[in-house]
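Structure, as structure tokens:
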Amino acid sequence: MTLLSEAKKVIDNEIQGIREVESKLDDSFELLIQCIAESKGRVVMCGMGKSGHIAKKIFATLVSTGTPSMYMHPAEAFHGDLGMIKEEDVFFAISNSGETSEVTQLLPFIKSNGNTLISMTGNPRSTLALMSDFHLDIGVEKEACPLNLAPTTSTTVSLVLGDAIAVALMKATNFKEENFAKYHPGGALGRKLLFTVKDFSHKPQFVEITDNFIDVLTMMTNSSSAVVLVGKPGDLKGIITDGDIRKKLGSTKNINFNDLSAADLMSASPKVVSSSTTCGDADIKMKHDGINSLIIEELGFIIGIYDNLNRNK
């Protein structure tokens with residue numbers, strides 16, 4: 001068997017494992033989602049070893065999609081961190097065997113503390129599964145590991161179920177793009193939805209309508225944007241971009257640069273947006289109009305330029 005065919009065999013095995021787990025889901029899944037959505041506390045994810053890595057990833061997905069969550073290492077929990085768990089928290093433990101000692105030793109406290117207990121195990125008759133209020137069966141017929149030892153398919157299905165829970169919670173809590181952007185202000189979506197063109201503007205550079213080609217080119221070279229405006233902040237006449245200059249030079253033969261003025265180079269009636277326009281709306285407008293720059297206006301005055309250089313930051 002080639003290494004490529006071995007890799008495909010692993011993928012097929014894990015796809016089959018996902019299908020097996022999918023077939024085990026029933027109406028109790030909706031009750032589980034409702035329980036988490038209505039909880040006034042956090043989802044405390046817990047797991048040991050590979051299950052702990054999966055628990056950390058699920059925790060990260062939950063918090064980024066609006067569900068308060070935290071990760072707790074079971075060994076650290078048993079040595080004092082249990083004090084961080086509040087009564088209103090939902091405790092979510094992952095253990096393929098359902099008998100991981102570091103996890104099961106926490107169960108008496110969880111039950112006495114009144115926490116709802118959710119678990120993922122590969123054994124519905126295990127200690128962890130039987131003590132849980134909600135149990136998700138992640139049992140698979142065979143691991144992708146050729147020795148059927150290393151957690152492979154079982155960890156994949158755990159991860160997939162975690163994603164299913166996170167997405168279902170987004171639906172249950174009506175989590176929207178704006179909410180996602182709030183938790184990801186540094187990402188592209190956050191910039192599109194949370195920031196305005198004013199936040200990403202270049203300072204406008206103005207030339208007079210009678211200024212010559214060399215004056216325009218010098219101003220453009222010294223500008224942080226490949227755009228020069230013609231007129232004044234309160235009296236805009238036009239816009240000159242590097243594209244306008246290339247178009248003029250390409251359409252005129254035997255041109256005398258000294259004869260060209262800003263009026264000859266500019267495009268009249270440039271596109272203007274208000275300073276409160278979101279970056280997302282500005283990007284859509286530029287794409288629709290086939291342009292690379294927008295002029296930003298505030299209280300009747302030109303205050304900046306928003307262009308492709310800005311939106312790619």
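Ordering of the structure tokens sets the chain letters (A, B, ...); residue numbers start at 1 within each chain; ligands are numbered from 1 in the order shown.
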
Which residues of region 146-250 of chain A sit at most 10 Å from region 262-268 of chain A, using only C-alpha atoms? Give each one's shortest atom pair and distance in Å (one decimal place), in chain and ascending residue order, as a Markdown table.
```
| residue | atom | partner | partner_atom | distance |
| --- | --- | --- | --- | --- |
| A:Val207 | CA | A:Ala262 | CA | 7.5 |
| A:Glu208 | CA | A:Ala262 | CA | 7.1 |
| A:Ile209 | CA | A:Ala262 | CA | 5.1 |
| A:Thr210 | CA | A:Ala262 | CA | 5.9 |
| A:Asp211 | CA | A:Ala262 | CA | 5.5 |
| A:Asn212 | CA | A:Ala262 | CA | 6.0 |
| A:Phe213 | CA | A:Ala262 | CA | 6.6 |
| A:Ile214 | CA | A:Ala262 | CA | 9.7 |
| A:Asp215 | CA | A:Ala262 | CA | 8.7 |
| A:Val216 | CA | A:Ala262 | CA | 6.8 |
| A:Leu217 | CA | A:Ala262 | CA | 9.9 |
| A:Val228 | CA | A:Met266 | CA | 8.9 |
| A:Leu229 | CA | A:Met266 | CA | 8.3 |
| A:Val230 | CA | A:Ala262 | CA | 7.0 |
| A:Gly231 | CA | A:Ala262 | CA | 9.7 |
| A:Leu236 | CA | A:Ala268 | CA | 9.1 |
| A:Lys237 | CA | A:Ala268 | CA | 6.4 |
| A:Gly238 | CA | A:Ala268 | CA | 4.4 |
| A:Ile239 | CA | A:Met266 | CA | 5.2 |
| A:Ile240 | CA | A:Met266 | CA | 4.6 |
| A:Thr241 | CA | A:Met266 | CA | 7.9 |
| A:Asp242 | CA | A:Leu265 | CA | 9.9 |
| A:Gly243 | CA | A:Leu265 | CA | 9.9 |
| A:Asp244 | CA | A:Leu265 | CA | 6.3 |
| A:Ile245 | CA | A:Leu265 | CA | 6.2 |
| A:Arg246 | CA | A:Leu265 | CA | 9.6 |
| A:Lys247 | CA | A:Leu265 | CA | 8.9 |
| A:Lys248 | CA | A:Leu265 | CA | 6.7 |
| A:Leu249 | CA | A:Leu265 | CA | 9.4 |
```

Report as a PyMOL selection string: the residues of region 119-245 of chain A with a DSSP assignment of strand (DSSP E or B), based on the backbone of this structure. chain A and resi 119-121+134-137+196+202+206-207+212+227-232+235-241

Since we have the selection now, will you write its residues out, keeping C-alpha atoms, as a tab-separated table (two decimals), in the first residue's frame?
```tsv
chain	number	residue	atom	x	y	z
A	119	SER	CA	-19.83	14.39	28.84
A	120	MET	CA	-18.38	12.95	25.66
A	121	THR	CA	-17.22	9.36	25.96
A	134	PHE	CA	-26.27	14.73	29.07
A	135	HIS	CA	-24.01	12.26	27.31
A	136	LEU	CA	-22.66	12.33	23.76
A	137	ASP	CA	-21.44	8.99	22.42
A	196	THR	CA	-15.45	53.18	9.59
A	202	HIS	CA	-5.15	58.77	4.42
A	206	PHE	CA	-4.87	69.02	-2.66
A	207	VAL	CA	-3.64	70.78	-5.79
A	212	ASN	CA	0.84	71.64	-13.89
A	227	VAL	CA	-4.43	59.97	-4.99
A	228	VAL	CA	-4.43	63.76	-5.30
A	229	LEU	CA	-7.55	65.88	-4.97
A	230	VAL	CA	-8.19	69.01	-7.01
A	231	GLY	CA	-9.68	72.03	-5.27
A	232	LYS	CA	-10.07	72.69	-1.55
A	235	ASP	CA	-14.79	72.89	-2.65
A	236	LEU	CA	-13.85	69.64	-4.38
A	237	LYS	CA	-13.35	69.81	-8.14
A	238	GLY	CA	-12.04	66.36	-8.95
A	239	ILE	CA	-9.66	63.50	-8.22
A	240	ILE	CA	-6.41	62.39	-9.85
A	241	THR	CA	-5.20	58.81	-9.39
```

Taking the DSSP assignment computed from this structure's backbone, write out as a count of residues only all residues of region 95-195 of chain A that belong to helix (DSSP H, G or I). 49

Fewer than 4 positions away in the same chain doesn't count, so skip those; otherwise give me all residues within 12 Å of Glu102 (chain A), counting only C-alpha atoms, as a PDB file with C-alpha atoms, in the first residue's frame.
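Generated file (around31.pdb):
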```pdb
ATOM      1  CA  CYS A  46     -12.285  19.557  30.984  1.00  0.00           C
ATOM      2  CA  GLY A  47     -10.226  16.689  29.606  1.00  0.00           C
ATOM      3  CA  MET A  48      -6.931  14.878  30.049  1.00  0.00           C
ATOM      4  CA  GLY A  49      -4.283  14.224  27.398  1.00  0.00           C
ATOM      5  CA  SER A  51      -9.110  14.824  25.149  1.00  0.00           C
ATOM      6  CA  GLY A  52      -7.760  17.868  26.948  1.00  0.00           C
ATOM      7  CA  MET A  72      -9.911  23.509  33.407  1.00  0.00           C
ATOM      8  CA  HIS A  73      -7.143  20.931  33.636  1.00  0.00           C
ATOM      9  CA  PRO A  74      -8.517  18.014  35.698  1.00  0.00           C
ATOM     10  CA  ALA A  75      -5.335  17.522  37.721  1.00  0.00           C
ATOM     11  CA  GLU A  76      -5.117  21.228  38.568  1.00  0.00           C
ATOM     12  CA  ALA A  77      -8.829  21.208  39.376  1.00  0.00           C
ATOM     13  CA  PHE A  78      -8.314  18.509  42.000  1.00  0.00           C
ATOM     14  CA  HIS A  79      -5.600  20.633  43.617  1.00  0.00           C
ATOM     15  CA  ALA A  93     -15.911  16.586  30.451  1.00  0.00           C
ATOM     16  CA  ILE A  94     -14.326  14.604  27.604  1.00  0.00           C
ATOM     17  CA  SER A  95     -12.884  11.124  28.078  1.00  0.00           C
ATOM     18  CA  GLY A  98     -15.157   7.484  30.386  1.00  0.00           C
ATOM     19  CA  LEU A 106     -13.964  15.407  40.143  1.00  0.00           C
ATOM     20  CA  LEU A 107     -17.478  14.021  39.746  1.00  0.00           C
ATOM     21  CA  LEU A 128     -18.558   9.417  33.480  1.00  0.00           C
TER      22      LEU A 128
END
```

Considering only C-alpha atoms, can you say which of A:Gly17, A:Met219, A:Tyr71, A:Thr277 comes closest to Leu161 (chain A)? A:Gly17

Kindly indicate which residue among A:Ser154, A:Gly66, A:Glu14, A:Leu117 lies nearest to Asn174 (chain A), using only C-alpha atoms for the distances.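 Among the listed residues, the smallest separation from Asn174 (chain A) belongs to A:Gly66.
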
Can you pull out the residues contacting Lys50 (chain A)? Cut-off 12 Å, using only C-alpha atoms, and skip same-chain residues under 5 positions away; I want them as a compact mmCIF listing (two decimals) with N, CA and C atoms, in the first residue's frame.
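Result file follows (around_32.txt):
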```txt
# COMPACT_ATOMS: atom_id res chain seq x y z
N ALA A 55 -10.76 19.55 24.28
CA ALA A 55 -11.54 20.40 25.18
C ALA A 55 -11.11 21.86 25.06
N LYS A 56 -9.79 22.08 24.93
CA LYS A 56 -9.28 23.45 24.78
C LYS A 56 -9.77 24.08 23.48
N LYS A 57 -9.78 23.28 22.41
CA LYS A 57 -10.24 23.82 21.13
C LYS A 57 -11.73 24.15 21.19
N HIS A 73 -7.91 22.17 33.64
CA HIS A 73 -7.14 20.93 33.64
C HIS A 73 -7.60 20.09 34.82
N ILE A 94 -14.59 15.50 28.74
CA ILE A 94 -14.33 14.60 27.60
C ILE A 94 -13.36 13.52 28.04
N SER A 95 -13.75 12.27 27.79
CA SER A 95 -12.88 11.12 28.08
C SER A 95 -13.34 9.98 27.20
N ASN A 96 -12.47 9.50 26.34
CA ASN A 96 -12.88 8.43 25.42
C ASN A 96 -13.30 7.17 26.18
N THR A 100 -11.29 7.95 32.88
CA THR A 100 -10.05 8.67 33.18
C THR A 100 -10.07 9.13 34.64
N ALA A 150 -3.66 4.74 18.94
CA ALA A 150 -3.54 6.20 19.08
C ALA A 150 -4.89 6.87 18.82
N PRO A 151 -5.30 7.80 19.70
CA PRO A 151 -6.56 8.53 19.47
C PRO A 151 -6.48 9.32 18.17
N THR A 152 -7.25 8.93 17.20
CA THR A 152 -7.26 9.60 15.90
C THR A 152 -8.70 9.89 15.49
N THR A 153 -9.40 8.85 15.07
CA THR A 153 -10.80 9.04 14.69
C THR A 153 -11.63 9.52 15.87
N SER A 154 -11.37 9.00 17.05
CA SER A 154 -12.14 9.40 18.23
C SER A 154 -11.95 10.87 18.57
N THR A 155 -10.74 11.39 18.39
CA THR A 155 -10.53 12.81 18.66
C THR A 155 -11.16 13.68 17.57
N THR A 156 -11.14 13.17 16.33
CA THR A 156 -11.76 13.92 15.23
C THR A 156 -13.26 14.07 15.47
N SER A 158 -14.83 13.95 18.24
CA SER A 158 -15.04 14.84 19.39
C SER A 158 -14.99 16.29 18.95
N LEU A 159 -14.01 16.58 18.10
CA LEU A 159 -13.85 17.94 17.59
C LEU A 159 -15.06 18.35 16.76
```

I'd like the contact shell of Val90 (chain A) - 6 Å cut-off, only C-alpha atoms, skipping same-chain residues fewer than 2 positions apart - returned as number ranges by chain. A: 43, 115-116

Atoms to include: N, CA and C atoms. Write the selected residues as a compact mmCIF listing (two decimals), in the first residue's frame.
```
# COMPACT_ATOMS: atom_id res chain seq x y z
N VAL A 43 -19.45 27.49 30.37
CA VAL A 43 -19.22 26.09 30.06
C VAL A 43 -17.77 25.80 30.44
N ASN A 115 -23.81 21.42 39.65
CA ASN A 115 -23.54 21.75 38.24
C ASN A 115 -24.18 20.73 37.30
N THR A 116 -24.67 21.21 36.17
CA THR A 116 -25.09 20.31 35.11
C THR A 116 -23.84 19.66 34.53
```

Which residue of A:Ser276, A:Ser64, A:Ser28, A:Thr2 approaches Asp163 (chain A) most closely, using only C-alpha atoms: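 Once distances to Asp163 (chain A) are computed over only C-alpha atoms, the minimum belongs to A:Ser64.
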
Using only C-alpha atoms, determine which residues lie at most 10 Å from Lys176 (chain A), disregarding the query and same-chain residues fewer than 5 positions distant; provide the list as a ChimeraX atom specification. /A:65-66,170-171,181

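From CA of Asn256 (chain A) back to CA of Thr218 (chain A), the distance works out to 17.1 Å.
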
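A straight line drawn from CA of Cys35 (chain A) to CA of Leu130 (chain A) is 18.3 Å long.
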